[in-house]
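Engineer: The file below is my_file_30.cif, mmCIF, C-alpha atoms:
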```
data_input
loop_
_atom_site.label_atom_id
_atom_site.label_comp_id
_atom_site.auth_asym_id
_atom_site.auth_seq_id
_atom_site.Cartn_x
_atom_site.Cartn_y
_atom_site.Cartn_z
CA MET A 19 74.20 31.26 -145.29
CA GLY A 20 75.18 28.56 -147.75
CA LEU A 21 74.56 25.86 -145.16
CA PHE A 22 71.15 27.38 -144.35
CA LYS A 23 70.17 27.41 -148.04
CA SER A 24 71.28 23.83 -148.52
CA LYS A 25 69.18 22.74 -145.53
CA ASN A 26 66.14 24.52 -146.96
CA ASN A 27 66.70 22.89 -150.37
CA THR A 28 67.03 19.48 -148.74
CA HIS A 29 63.84 20.08 -146.76
CA SER A 30 61.90 21.11 -149.88
CA ASP A 31 63.21 18.09 -151.78
CA GLU A 32 62.06 15.82 -148.96
CA LYS A 33 58.59 17.39 -149.11
CA LYS A 34 58.41 16.80 -152.86
CA SER A 35 59.53 13.21 -152.48
CA ASP A 36 56.99 12.64 -149.70
CA LYS A 37 54.20 14.00 -151.90
CA TYR A 38 55.31 11.69 -154.69
CA TYR A 39 55.57 8.52 -152.60
CA TYR A 40 52.36 9.15 -150.68
CA ALA A 41 50.34 10.26 -153.73
CA SER A 42 47.34 8.20 -154.78
CA GLN A 43 47.16 6.29 -158.04
CA TRP A 44 45.01 9.02 -159.57
CA GLY A 45 47.43 11.70 -158.37
CA LEU A 46 50.34 9.92 -160.04
CA MET A 47 48.33 9.50 -163.25
CA ALA A 48 47.44 13.20 -163.28
CA ARG A 49 51.08 14.19 -162.75
CA LYS A 50 52.29 11.96 -165.59
CA PHE A 51 49.47 13.08 -167.86
CA ARG A 52 50.31 16.77 -167.36
CA LYS A 53 53.86 16.07 -168.56
CA HIS A 54 52.50 14.75 -171.87
CA LYS A 55 52.35 18.01 -173.82
CA LEU A 56 50.64 16.57 -176.89
CA ALA A 57 47.92 14.98 -174.78
CA MET A 58 47.38 18.21 -172.84
CA GLY A 59 47.08 20.20 -176.06
CA SER A 60 44.62 17.65 -177.45
CA THR A 61 42.56 17.84 -174.26
CA PHE A 62 42.41 21.63 -174.62
CA VAL A 63 41.20 21.26 -178.23
CA LEU A 64 38.50 18.78 -177.17
CA VAL A 65 37.33 21.07 -174.36
CA ILE A 66 36.90 23.87 -176.92
CA PHE A 67 35.03 21.53 -179.28
CA TYR A 68 32.61 20.35 -176.60
CA LEU A 69 31.99 23.84 -175.19
CA THR A 70 31.27 25.01 -178.73
CA ALA A 71 28.84 22.11 -179.18
CA ILE A 72 27.07 22.82 -175.88
CA PHE A 73 26.60 26.52 -176.73
CA GLY A 74 26.26 25.82 -180.45
CA ASN A 75 22.79 27.38 -180.87
CA PHE A 76 24.13 30.64 -179.46
CA ILE A 77 27.35 30.62 -181.52
CA ALA A 78 25.72 29.62 -184.81
CA PRO A 79 24.15 32.64 -186.57
CA GLN A 80 21.45 30.48 -188.22
CA GLY A 81 19.35 27.47 -187.35
CA THR A 82 19.42 24.14 -189.16
CA GLU A 83 16.26 24.89 -191.16
CA GLN A 84 17.14 28.45 -192.22
CA TYR A 85 18.27 29.01 -195.79
CA ASP A 86 18.48 31.73 -198.42
CA GLY A 87 17.99 30.66 -202.04
CA LYS A 88 19.73 33.83 -203.28
CA PHE A 89 23.08 32.67 -201.91
CA VAL A 90 23.39 29.09 -203.09
CA ASN A 91 26.94 27.65 -203.12
CA CYS A 92 28.42 30.93 -201.90
CA LYS A 93 32.13 31.02 -201.09
CA PRO A 94 33.30 31.72 -197.50
CA THR A 95 32.85 35.39 -196.63
CA PRO A 96 36.13 37.13 -195.68
CA VAL A 97 36.01 39.36 -192.60
CA HIS A 98 37.70 42.76 -193.01
CA TYR A 99 38.91 45.37 -190.54
CA PHE A 100 40.15 48.15 -192.84
CA HIS A 101 38.39 49.95 -195.71
CA GLU A 102 40.51 52.12 -198.01
CA GLY A 103 43.24 52.26 -195.38
CA LYS A 104 40.94 53.28 -192.52
CA PHE A 105 40.17 51.05 -189.54
CA VAL A 106 36.47 50.29 -189.45
CA GLY A 107 36.32 47.26 -187.18
CA PRO A 108 35.08 43.81 -188.12
CA PHE A 109 32.83 44.03 -191.16
CA VAL A 110 31.92 42.26 -194.39
CA TYR A 111 31.12 43.73 -197.76
CA GLY A 112 27.77 43.32 -199.40
CA MET A 113 27.45 40.66 -202.08
CA LYS A 114 26.32 40.75 -205.68
CA THR A 115 25.87 38.00 -208.25
CA GLU A 116 27.95 37.84 -211.43
CA ARG A 117 28.49 35.31 -214.21
CA ASP A 118 31.90 33.64 -214.40
CA PRO A 119 33.32 34.40 -217.88
CA VAL A 120 35.08 31.01 -218.06
CA THR A 121 32.62 28.51 -216.57
CA PHE A 122 29.47 30.68 -217.09
CA MET A 123 28.42 29.73 -213.54
CA ALA A 124 26.76 32.24 -211.24
CA GLN A 125 29.10 33.38 -208.50
CA HIS A 126 28.81 35.75 -205.55
CA VAL A 127 31.40 38.52 -205.32
CA GLU A 128 31.98 41.34 -202.86
CA ASP A 129 30.27 44.69 -203.39
CA ARG A 130 33.01 47.08 -202.21
CA GLU A 131 30.60 49.98 -202.04
CA LYS A 132 28.50 48.46 -199.26
CA ILE A 133 29.94 47.97 -195.76
CA CYS A 134 28.08 45.75 -193.28
CA ARG A 135 29.47 45.89 -189.77
CA ILE A 136 29.44 42.78 -187.61
CA LYS A 137 27.36 43.12 -184.46
CA PHE A 138 27.75 40.87 -181.45
CA PHE A 139 25.10 39.47 -179.09
CA THR A 140 22.18 40.19 -181.38
CA GLN A 141 18.69 38.81 -181.85
CA GLY A 142 18.65 36.49 -184.87
CA ASP A 143 16.17 36.28 -187.72
CA PRO A 144 12.84 34.49 -187.25
CA GLY A 145 13.42 30.77 -187.57
CA GLY A 146 16.62 30.86 -185.52
CA GLU A 147 14.89 30.39 -182.17
CA TYR A 148 16.22 27.74 -179.85
CA LYS A 149 16.06 26.66 -176.23
CA TRP A 150 19.04 27.73 -174.12
CA LEU A 151 20.50 24.55 -172.58
CA GLY A 152 17.29 22.86 -173.74
CA LEU A 153 15.21 24.79 -171.19
CA PHE A 154 14.84 28.51 -171.89
CA PRO A 155 13.55 29.88 -175.24
CA SER A 156 15.94 32.37 -176.82
CA ASN A 157 16.95 33.91 -180.14
CA LEU A 158 20.23 35.46 -178.98
CA HIS A 159 23.21 34.78 -181.26
CA LEU A 160 26.89 35.61 -180.98
CA PHE A 161 27.24 37.70 -184.13
CA GLU A 162 25.38 38.99 -187.16
CA ALA A 163 26.04 41.35 -190.07
CA GLU A 164 23.98 44.55 -189.95
CA ASP A 165 22.13 46.33 -192.79
CA GLY A 166 21.02 43.05 -194.34
CA GLY A 167 24.58 41.85 -194.84
CA LYS A 168 25.42 38.17 -195.07
CA ILE A 169 28.30 36.51 -193.27
CA PHE A 170 29.09 32.93 -194.25
CA LEU A 171 32.39 32.02 -192.57
CA PHE A 172 32.47 28.56 -194.19
CA GLY A 173 30.32 29.39 -197.23
CA THR A 174 26.91 27.92 -198.04
CA ASP A 175 25.61 24.63 -199.41
CA ASN A 176 23.43 23.87 -202.44
CA MET A 177 20.33 25.17 -200.63
CA GLY A 178 21.83 28.42 -199.36
CA ARG A 179 22.29 27.21 -195.76
CA ASP A 180 25.17 28.61 -193.73
CA LEU A 181 27.82 25.90 -193.51
CA PHE A 182 29.45 27.38 -190.39
CA SER A 183 26.16 27.14 -188.48
CA ARG A 184 25.61 23.59 -189.70
CA VAL A 185 29.14 22.51 -188.68
CA ILE A 186 28.65 23.98 -185.19
CA LEU A 187 25.20 22.44 -184.75
CA GLY A 188 26.31 19.18 -186.36
CA SER A 189 28.98 18.82 -183.68
CA GLN A 190 26.22 18.37 -181.12
CA ILE A 191 25.37 15.06 -182.80
CA SER A 192 28.80 13.96 -184.02
CA LEU A 193 30.50 14.58 -180.66
CA PHE A 194 27.79 13.43 -178.25
CA ILE A 195 26.58 10.26 -180.01
CA PRO A 196 30.06 8.70 -179.49
CA VAL A 197 30.12 9.70 -175.81
CA VAL A 198 26.70 8.20 -175.10
CA GLY A 199 27.60 5.15 -177.18
CA MET A 200 30.87 4.80 -175.30
CA LEU A 201 29.03 4.82 -171.95
CA LEU A 202 26.66 2.09 -173.16
CA THR A 203 29.64 0.16 -174.54
CA VAL A 204 31.40 0.36 -171.17
CA VAL A 205 28.30 -0.86 -169.31
CA LEU A 206 27.90 -3.82 -171.68
CA GLY A 207 31.63 -4.60 -171.77
CA LEU A 208 32.00 -4.47 -167.99
CA ALA A 209 28.89 -6.53 -167.30
CA ILE A 210 29.57 -9.26 -169.87
CA GLY A 211 33.35 -9.34 -169.38
CA SER A 212 33.06 -9.52 -165.58
CA LEU A 213 30.63 -12.43 -165.82
CA ALA A 214 33.00 -14.34 -168.08
CA GLY A 215 36.10 -13.62 -166.00
CA TYR A 216 34.60 -14.10 -162.55
CA PHE A 217 32.54 -17.26 -163.04
CA GLY A 218 34.45 -18.94 -165.89
CA GLY A 219 33.32 -22.41 -166.96
CA TRP A 220 30.44 -22.75 -169.40
CA ILE A 221 29.46 -19.07 -168.89
CA ASP A 222 32.89 -17.99 -170.10
CA THR A 223 32.70 -20.39 -173.05
CA VAL A 224 29.29 -19.12 -174.20
CA ILE A 225 30.34 -15.46 -173.87
CA GLN A 226 33.60 -16.05 -175.78
CA ARG A 227 31.75 -17.71 -178.64
CA LEU A 228 29.28 -14.81 -178.71
CA ILE A 229 32.16 -12.32 -178.85
CA GLU A 230 33.76 -14.24 -181.72
CA VAL A 231 30.49 -14.22 -183.66
CA VAL A 232 30.02 -10.46 -183.23
CA ARG A 233 33.65 -9.70 -184.10
CA SER A 234 33.54 -11.91 -187.19
CA PHE A 235 31.14 -9.55 -188.98
CA PRO A 236 32.72 -6.70 -191.00
CA GLN A 237 31.97 -3.54 -189.07
CA VAL A 238 30.69 -1.20 -191.79
CA PRO A 239 28.32 -3.76 -193.45
CA LEU A 240 26.99 -4.65 -189.99
CA TRP A 241 26.36 -0.98 -189.24
CA MET A 242 24.62 -0.64 -192.58
CA ALA A 243 22.42 -3.68 -191.98
CA LEU A 244 21.36 -2.51 -188.51
CA SER A 245 20.80 1.12 -189.50
CA ALA A 246 18.82 0.11 -192.62
CA ALA A 247 16.17 -1.23 -190.25
CA ILE A 248 15.54 2.32 -188.94
CA PRO A 249 12.28 3.62 -190.49
CA LYS A 250 12.70 6.83 -192.48
CA THR A 251 9.64 8.33 -190.80
CA MET A 252 11.28 8.40 -187.35
CA LYS A 253 12.09 11.70 -185.69
CA PRO A 254 15.74 12.83 -185.44
CA ALA A 255 15.80 12.31 -181.65
CA GLN A 256 14.64 8.70 -182.07
CA VAL A 257 17.21 8.12 -184.83
CA PHE A 258 19.84 9.57 -182.50
CA MET A 259 19.03 7.02 -179.79
CA LEU A 260 18.86 4.09 -182.22
CA MET A 261 22.20 5.01 -183.79
CA THR A 262 23.74 5.18 -180.33
CA ILE A 263 22.41 1.71 -179.50
CA ILE A 264 23.64 0.33 -182.85
CA LEU A 265 27.17 1.65 -182.34
CA SER A 266 27.20 0.29 -178.78
CA LEU A 267 26.00 -3.19 -179.78
CA VAL A 268 28.88 -3.51 -182.22
CA SER A 269 31.63 -2.00 -180.02
CA TRP A 270 31.37 -3.87 -176.69
CA PRO A 271 33.29 -7.14 -177.48
CA GLY A 272 36.76 -5.56 -177.37
CA LEU A 273 36.28 -4.12 -173.88
CA ALA A 274 34.58 -7.33 -172.68
CA ARG A 275 37.67 -9.37 -173.56
CA VAL A 276 39.97 -6.91 -171.78
CA VAL A 277 37.78 -7.01 -168.66
CA ARG A 278 37.66 -10.81 -168.76
CA SER A 279 41.46 -11.11 -168.88
CA LYS A 280 41.85 -8.59 -166.06
CA PHE A 281 39.35 -10.49 -163.90
CA ILE A 282 41.17 -13.78 -164.45
CA SER A 283 44.48 -12.25 -163.32
CA VAL A 284 43.10 -10.12 -160.47
CA LYS A 285 40.94 -12.77 -158.78
CA LYS A 286 44.10 -14.69 -157.82
CA GLU A 287 45.63 -11.70 -156.02
CA ASP A 288 46.08 -11.79 -152.25
CA PHE A 289 43.73 -8.87 -151.49
CA ILE A 290 40.90 -10.59 -153.38
CA MET A 291 41.49 -13.85 -151.56
CA ALA A 292 41.52 -11.97 -148.24
CA ALA A 293 38.22 -10.24 -149.06
CA ARG A 294 36.69 -13.56 -150.08
CA ILE A 295 37.84 -15.28 -146.86
CA SER A 296 36.39 -12.42 -144.80
CA GLY A 297 32.97 -13.24 -146.27
CA ALA A 298 32.55 -10.47 -148.86
CA PRO A 299 29.77 -11.35 -151.36
CA GLY A 300 30.56 -11.70 -155.05
CA SER A 301 28.88 -8.43 -156.02
CA LYS A 302 31.03 -6.52 -153.52
CA LEU A 303 34.18 -8.29 -154.70
CA ILE A 304 33.47 -7.20 -158.25
CA THR A 305 32.36 -3.60 -157.63
CA ARG A 306 34.55 -2.66 -154.64
CA HIS A 307 37.79 -4.55 -155.29
CA MET A 308 38.22 -6.05 -158.75
CA ILE A 309 36.95 -3.33 -161.09
CA PRO A 310 38.65 -0.43 -159.19
CA SER A 311 41.98 -2.30 -159.41
CA PHE A 312 42.13 -1.75 -163.19
CA LEU A 313 39.82 1.25 -163.51
CA SER A 314 42.58 3.35 -165.10
CA TYR A 315 42.78 0.90 -168.02
CA ILE A 316 39.02 1.11 -168.49
CA ILE A 317 39.23 4.90 -168.70
CA VAL A 318 41.96 4.62 -171.32
CA ASP A 319 39.85 2.15 -173.31
CA MET A 320 36.87 4.49 -173.08
CA THR A 321 38.91 7.36 -174.49
CA MET A 322 40.39 5.27 -177.30
CA SER A 323 36.97 3.93 -178.35
CA ILE A 324 35.41 7.35 -178.97
CA PRO A 325 37.31 8.03 -182.25
CA SER A 326 36.00 4.81 -183.82
CA LEU A 327 32.47 5.76 -182.76
CA ILE A 328 32.88 9.25 -184.29
CA ILE A 329 33.98 7.66 -187.56
CA GLY A 330 31.11 5.17 -187.31
CA GLU A 331 28.47 7.90 -186.94
CA THR A 332 30.06 9.93 -189.74
CA THR A 333 30.17 6.88 -192.00
CA LEU A 334 26.53 5.96 -191.44
CA SER A 335 25.32 9.53 -191.99
CA PHE A 336 27.57 9.90 -195.05
CA LEU A 337 26.03 6.75 -196.56
CA GLY A 338 22.54 8.08 -195.85
CA LEU A 339 21.79 5.37 -193.29
CA GLY A 340 22.01 7.52 -190.17
CA LEU A 341 20.65 10.98 -189.56
CA ARG A 342 18.90 12.72 -192.42
CA SER A 343 18.36 16.36 -193.27
CA PRO A 344 17.13 18.67 -191.71
CA ALA A 345 18.94 17.00 -188.81
CA THR A 346 22.62 17.87 -189.02
CA SER A 347 25.83 16.02 -188.26
CA TRP A 348 29.29 16.08 -189.81
CA GLY A 349 28.45 12.93 -191.74
CA VAL A 350 25.29 14.52 -193.15
CA LEU A 351 27.32 17.56 -194.24
CA LEU A 352 29.82 15.35 -196.02
CA GLN A 353 27.14 13.71 -198.17
CA GLU A 354 27.56 16.41 -200.80
CA THR A 355 31.30 15.74 -201.12
CA ASN A 356 30.73 12.49 -203.00
CA LYS A 357 30.15 14.50 -206.16
CA LEU A 358 33.05 15.46 -208.40
CA GLU A 359 31.68 18.96 -209.01
CA THR A 360 31.82 19.65 -205.29
CA ILE A 361 35.56 18.97 -205.14
CA MET A 362 36.20 20.96 -208.35
CA PHE A 363 34.06 24.05 -207.77
CA TYR A 364 32.84 24.03 -204.14
CA ASN A 365 35.78 22.69 -202.17
CA TRP A 366 34.80 24.64 -199.02
CA LYS A 367 32.14 21.96 -198.45
CA LEU A 368 35.00 19.67 -197.35
CA ILE A 369 35.48 21.79 -194.20
CA PRO A 370 33.46 19.36 -191.98
CA MET A 371 36.08 16.71 -192.80
CA ILE A 372 38.69 18.89 -191.05
CA PHE A 373 36.68 18.81 -187.82
CA VAL A 374 36.24 15.03 -188.02
CA PHE A 375 40.00 14.69 -188.54
CA LEU A 376 40.91 17.05 -185.67
CA SER A 377 38.50 15.46 -183.17
CA VAL A 378 39.62 11.90 -183.95
CA LEU A 379 43.29 12.92 -183.81
CA ALA A 380 42.79 14.79 -180.51
CA PHE A 381 41.06 11.79 -178.90
CA ASN A 382 43.85 9.48 -180.08
CA PHE A 383 46.56 11.75 -178.66
CA MET A 384 44.68 12.16 -175.38
CA GLY A 385 44.20 8.39 -175.20
CA ASP A 386 47.94 7.86 -175.75
CA GLY A 387 48.67 10.25 -172.89
CA LEU A 388 46.22 8.47 -170.59
CA ARG A 389 47.67 5.10 -171.54
CA ASP A 390 51.20 6.25 -170.73
CA ALA A 391 50.00 7.80 -167.46
CA ALA A 392 48.21 4.59 -166.45
CA ASP A 393 51.18 2.37 -167.25
CA PRO A 394 52.90 1.58 -163.93
CA TYR A 395 56.16 0.62 -165.65
CA LYS A 396 56.74 4.08 -167.22
#
```
Output the file's structure in the form of structure tokens.
Structural biologist:
Amino acid sequence: MGLFKSKNNTHSDEKKSDKYYYASQWGLMARKFRKHKLAMGSTFVLVIFYLTAIFGNFIAPQGTEQYDGKFVNCKPTPVHYFHEGKFVGPFVYGMKTERDPVTFMAQHVEDREKICRIKFFTQGDPGGEYKWLGLFPSNLHLFEAEDGGKIFLFGTDNMGRDLFSRVILGSQISLFIPVVGMLLTVVLGLAIGSLAGYFGGWIDTVIQRLIEVVRSFPQVPLWMALSAAIPKTMKPAQVFMLMTIILSLVSWPGLARVVRSKFISVKKEDFIMAARISGAPGSKLITRHMIPSFLSYIIVDMTMSIPSLIIGETTLSFLGLGLRSPATSWGVLLQETNKLETIMFYNWKLIPMIFVFLSVLAFNFMGDGLRDAADPYK
């Protein structure tokens, strides 16, 4: 029996080793990436963030233009399950306005005599209509407090707008502008870097000088100068596209230099020389042989560039040079935090900063995992 078990173990080990040695480059990268626990956890967090952004209009109880002047600068509403020792289910208490005896500021406190249950999958108030996936009109929302109750999970701003809804809807801009900008950056970086690395000579010299000129400008002032040219009368969708183009125009030189160096080293390899001798045209050499040989590094660079683009969009919107209200992004939401009274009395308005921090950190950790997985010497 022992001999039979040892033979089976040996056979299974051989199968595992065969799978490892005959695995493709992408299979090996995926196996190494799955072993990186921090990168896997960060990927899970980013998946949740992007799913929340995609279905944000359904999850958010209010739209971007809805507000209630009676509940200005209201603290986050706690959700309760028990009332006087009895299980009621998820509910919030009603709210009433009182005067703070110390600061003499109006504040909203819980009215313990009024219970407002939380309903799920409800039709929202007028003004909260949206198009499901941008196609189908709907007013269905994930939750709502019944009997006229108010539920503000992250509190409200200085106009009485629900901060939770604005954070969720703002993620649609703050998370997708960097992705679109990254794709444009990759196209520009690959095109310009491949030209410099493949042809060399005066083309390489001109492109290198252009890269040095672009990289010599301080990033934030350059963003500010480009975004200041955006007319204030433009629609949010047009501002979205222009901001994406601005971030891409500033971000491509780093990738272009990496691509150039890779082209210079790869074009001397034997498989490239063999393809060239066989009569393959230059376009096929670039797209079929040279770029795929270091595609894993491009993917890593794409992932690592998104955090800087997130910070760039947030910075522009925070400075008032990007999106403007009623359009919402995390940078727009952070505009109110530049006042001292906000930090002293309304510190819940700093909550959007937590989401910026978590998304940038998650992208960095995921990029580290991809970089380790793509490294052939690890």
Engineer: Can you translate the PyMOL selection byres ((chain A and resi 72-89) around 9) into the concrete residues it hits in this file, as a PyMOL selection string?
Structural biologist: chain A and resi 67-71+90-92+115+125-126+139+142-151+156-162+169+174-180+182-190+343-346
Engineer: How many Å lie between atom CA of Thr203 of chain A and atom CA of Ser269 of chain A, rounded to one decimal?
Structural biologist: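 Rounded to one decimal, the two atoms are 6.2 Å apart.
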Engineer: Find the residues near Val277 of chain A: any atom within 8 Å, counting all atoms listed in the file, skip ones fewer than 6 places away on the same chain, and give them as a PDB file with C-alpha atoms, in the frame of the given file.
Structural biologist:
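Below you can see out-v3.pdb, which holds the result:
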```pdb
ATOM      1  CA  GLY A 207      31.630  -4.600-171.770  1.00  0.00           C
ATOM      2  CA  LEU A 208      32.000  -4.470-167.990  1.00  0.00           C
ATOM      3  CA  GLY A 211      33.350  -9.340-169.380  1.00  0.00           C
ATOM      4  CA  SER A 212      33.060  -9.520-165.580  1.00  0.00           C
ATOM      5  CA  GLY A 215      36.100 -13.620-166.000  1.00  0.00           C
TER       6      GLY A 215
END
```
Engineer: Which polymer residues have any atom within 9 Å of an atom of Pro94 of chain A, counting only C-alpha atoms, with same-chain residues fewer than 3 positions away left out, as a PyMOL selection string?
Structural biologist: chain A and resi 169-174+181+366
Engineer: As an exercise, work out the distance from atom CA of Phe154 of chain A to atom CA of Ile195 of chain A in Å and give it to one decimal place.
Structural biologist: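 For atom CA of Phe154 of chain A relative to atom CA of Ile195 of chain A, the distance reads 23.2 Å.
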Engineer: Calculate how many Å separate atom CA of Met259 of chain A from atom CA of Pro155 of chain A, rounding to one decimal.
Structural biologist: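 About the pair atom CA of Met259 of chain A and atom CA of Pro155 of chain A: they are 23.9 Å apart.
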Engineer: Residue by residue, what does the PyMOL selection byres ((chain A and resi 327-330) around 9) grab here? Present the result as number ranges by chain.
Structural biologist: A: 192-197, 199-200, 237-238, 241, 265-266, 269, 323-326, 331-335, 349, 374, 377-378
Engineer: Using only C-alpha atoms for the distances, tell me which of A:Ile317, A:Leu303, A:Ile309, A:Leu341 is nearest to Val257 of chain A.
Structural biologist: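 Selected residue with least distance to Val257 of chain A: A:Leu341.
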Engineer: Which polymer residues have any atom within 10 Å of an atom of segment 54-56 of chain A, counting only C-alpha atoms, with same-chain residues fewer than 4 positions away left out, as a ChimeraX atom specification?
Structural biologist: /A:49-50,60-62,380,383-384,386-388,390-391
Engineer: With all atoms listed in the file as the counted atoms, please give the residues lying no more than 12 Å from Asp129 of chain A, apart from itself and same-chain residues fewer than 4 positions off, as a PyMOL selection string.
Structural biologist: chain A and resi 95+110-116+133-134+167-168
Engineer: I'd like to know which of A:Leu273, A:Ala57, A:Ala48, A:Val231 is closest to Met320 of chain A, using all atoms listed in the file.
Structural biologist: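 Nearest to Met320 of chain A: A:Leu273.
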Engineer: Of the residues A:Lys285, A:Ile295, A:Leu260, A:Leu352, which is the one nearest to His307 of chain A, using all atoms listed in the file?
Structural biologist: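 Ranked by minimum distance to His307 of chain A, first place goes to A:Lys285.
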Engineer: Expand the PyMOL selection byres ((chain A and resi 228) around 12) into the explicit residue set it covers here, and present it as a list in words.
Structural biologist: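 Applied to this file, the PyMOL selection byres ((chain A and resi 228) around 12) returns Ile210, Gly211, Ala214, Ile221, Asp222, Thr223, Val224, Ile225, Gln226, Arg227, Ile229, Glu230, Val231, Val232, Arg233, Ser234, Phe235, Val268, Trp270, Pro271, Gly272, Ala274 and Arg275 of chain A.
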Engineer: Find the residues near Tyr364 of chain A: any atom within 9 Å, counting all atoms listed in the file, skip ones fewer than 3 places away on the same chain, and give them as an mmCIF file with C-alpha atoms, keeping the file's coordinate frame.
Structural biologist:
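Writing the result to selection31.cif gives the following:
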```cif
data_model
loop_
_atom_site.group_PDB
_atom_site.id
_atom_site.type_symbol
_atom_site.label_atom_id
_atom_site.label_comp_id
_atom_site.auth_asym_id
_atom_site.auth_seq_id
_atom_site.Cartn_x
_atom_site.Cartn_y
_atom_site.Cartn_z
ATOM 1 C CA ASN A 91 26.940 27.650 -203.120
ATOM 2 C CA CYS A 92 28.420 30.930 -201.900
ATOM 3 C CA LYS A 93 32.130 31.020 -201.090
ATOM 4 C CA ASP A 175 25.610 24.630 -199.410
ATOM 5 C CA THR A 355 31.300 15.740 -201.120
ATOM 6 C CA GLU A 359 31.680 18.960 -209.010
ATOM 7 C CA THR A 360 31.820 19.650 -205.290
ATOM 8 C CA ILE A 361 35.560 18.970 -205.140
ATOM 9 C CA LYS A 367 32.140 21.960 -198.450
ATOM 10 C CA LEU A 368 35.000 19.670 -197.350
#
```
Engineer: Hey, which of A:Phe281, A:Phe375, A:Phe363, A:Tyr315 ends up closest to Arg389 of chain A? Count only C-alpha atoms.
Structural biologist: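 Using only C-alpha atoms, the shortest distance to Arg389 of chain A belongs to A:Tyr315.
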Engineer: Using all atoms listed in the file, which residue out of A:Phe51, A:Val204, A:Glu287, A:Ile248 lies closest to Ile264 of chain A?
Structural biologist: A:Ile248
